[in-house]
Amino acid sequence: MKARFKYDDIVRVQPGVIIKSRPGERAWIVGIFENRPQGEYFESFPPGVVYSIEFEDGYSTEIHESDLELEVGN
């Protein structure tokens, strides 16, 4: 699958996402998993691209592409 976002894009976590991903907050793309590694962790995501994102305070997590939107003006 082709990634919708690229490294260093500024994104926002979609409102209503109920995980530790901080809905509505701004973050940067710091990793892209188009071909995801095997294992239980990545199997917990739906099919598609998974990203590593980092928030302004340095906290980072992985999130599915469908849970992100490009920051306006980016």
# chains A, B, ... in the order shown; residues from 1 in each chain; ligands from 1
call {"tool": "select_by_dssp", "arguments": {"residues": "chain A", "states": "strand (DSSP E or B)", "output": "PDB file with C-alpha atoms, in the first residue's frame"}}
result
ATOM      1  CA  ILE A  10       2.429  17.624  10.383  1.00  0.00           C
ATOM      2  CA  VAL A  11      -0.772  15.738  11.117  1.00  0.00           C
ATOM      3  CA  ARG A  12      -3.599  15.765  13.636  1.00  0.00           C
ATOM      4  CA  VAL A  13      -5.119  12.732  15.265  1.00  0.00           C
ATOM      5  CA  ARG A  26      -0.778  17.877  16.436  1.00  0.00           C
ATOM      6  CA  ALA A  27       2.095  15.489  15.697  1.00  0.00           C
ATOM      7  CA  TRP A  28       4.826  14.792  13.148  1.00  0.00           C
ATOM      8  CA  ILE A  29       5.273  11.702  11.012  1.00  0.00           C
ATOM      9  CA  VAL A  30       8.539  10.086  12.140  1.00  0.00           C
ATOM     10  CA  GLY A  31       8.075   6.562  10.765  1.00  0.00           C
ATOM     11  CA  ILE A  32       6.116   4.864   7.988  1.00  0.00           C
ATOM     12  CA  PHE A  33       5.246   1.159   7.861  1.00  0.00           C
ATOM     13  CA  VAL A  50       0.742   2.448  10.059  1.00  0.00           C
ATOM     14  CA  TYR A  51       2.756   5.502  11.111  1.00  0.00           C
ATOM     15  CA  SER A  52       4.958   6.406  14.023  1.00  0.00           C
ATOM     16  CA  ILE A  53       4.037   9.896  15.141  1.00  0.00           C
ATOM     17  CA  GLU A  54       5.674  12.197  17.663  1.00  0.00           C
ATOM     18  CA  PHE A  55       3.857  14.890  19.594  1.00  0.00           C
ATOM     19  CA  SER A  60       5.497   8.973  20.319  1.00  0.00           C
ATOM     20  CA  THR A  61       3.187   6.148  19.304  1.00  0.00           C
ATOM     21  CA  GLU A  62       2.023   4.187  16.278  1.00  0.00           C
ATOM     22  CA  ILE A  63      -1.307   4.913  14.631  1.00  0.00           C
ATOM     23  CA  HIS A  64      -3.244   3.739  11.584  1.00  0.00           C
ATOM     24  CA  LEU A  68      -4.834  10.882  10.913  1.00  0.00           C
ATOM     25  CA  GLU A  69      -5.535  14.028   8.938  1.00  0.00           C
ATOM     26  CA  LEU A  70      -3.019  16.425   7.375  1.00  0.00           C
TER      27      LEU A  70
END
call {"tool": "atom_distance", "arguments": {"atom1": "atom CA of Asp8 of chain A", "atom2": "atom CA of Glu40 of chain A"}}
result
27.0 Å
call {"tool": "select_by_dssp", "arguments": {"residues": "chain A", "states": "helix (DSSP H, G or I)", "output": "VMD selection string"}}
result
chain A and resid 40 to 43 65 to 67
call {"tool": "write_last_selection", "arguments": {"atoms": "N, CA, C and O atoms", "output": "PDB file, in the first residue's frame"}}
result
ATOM      1  N   GLU A  40       2.429  -9.693  16.641  1.00  0.00           N
ATOM      2  CA  GLU A  40       1.163  -9.391  17.294  1.00  0.00           C
ATOM      3  C   GLU A  40       0.875  -7.895  17.363  1.00  0.00           C
ATOM      4  O   GLU A  40      -0.262  -7.468  17.197  1.00  0.00           O
ATOM      5  N   TYR A  41       1.897  -7.085  17.614  1.00  0.00           N
ATOM      6  CA  TYR A  41       1.678  -5.645  17.758  1.00  0.00           C
ATOM      7  C   TYR A  41       1.063  -5.055  16.487  1.00  0.00           C
ATOM      8  O   TYR A  41       0.020  -4.397  16.537  1.00  0.00           O
ATOM      9  N   PHE A  42       1.684  -5.268  15.342  1.00  0.00           N
ATOM     10  CA  PHE A  42       1.190  -4.682  14.097  1.00  0.00           C
ATOM     11  C   PHE A  42      -0.085  -5.365  13.607  1.00  0.00           C
ATOM     12  O   PHE A  42      -0.870  -4.762  12.887  1.00  0.00           O
ATOM     13  N   GLU A  43      -0.312  -6.597  13.999  1.00  0.00           N
ATOM     14  CA  GLU A  43      -1.553  -7.281  13.639  1.00  0.00           C
ATOM     15  C   GLU A  43      -2.760  -6.684  14.370  1.00  0.00           C
ATOM     16  O   GLU A  43      -3.899  -6.913  13.963  1.00  0.00           O
ATOM     17  N   GLU A  65      -3.271   4.919   9.482  1.00  0.00           N
ATOM     18  CA  GLU A  65      -3.453   6.050   8.575  1.00  0.00           C
ATOM     19  C   GLU A  65      -4.858   6.656   8.646  1.00  0.00           C
ATOM     20  O   GLU A  65      -5.021   7.881   8.580  1.00  0.00           O
ATOM     21  N   SER A  66      -5.871   5.826   8.793  1.00  0.00           N
ATOM     22  CA  SER A  66      -7.252   6.321   8.814  1.00  0.00           C
ATOM     23  C   SER A  66      -7.549   7.189  10.032  1.00  0.00           C
ATOM     24  O   SER A  66      -8.557   7.894  10.066  1.00  0.00           O
ATOM     25  N   ASP A  67      -6.674   7.163  11.043  1.00  0.00           N
ATOM     26  CA  ASP A  67      -6.882   7.943  12.251  1.00  0.00           C
ATOM     27  C   ASP A  67      -6.140   9.287  12.224  1.00  0.00           C
ATOM     28  O   ASP A  67      -6.100  10.000  13.225  1.00  0.00           O
TER      29      ASP A  67
END
call {"tool": "closest_residue", "arguments": {"among": "A:Asp57, A:Gln38, A:Val49, A:Glu71", "to": "Ala3 of chain A", "atoms": "only C-alpha atoms"}}
result
A:Val49
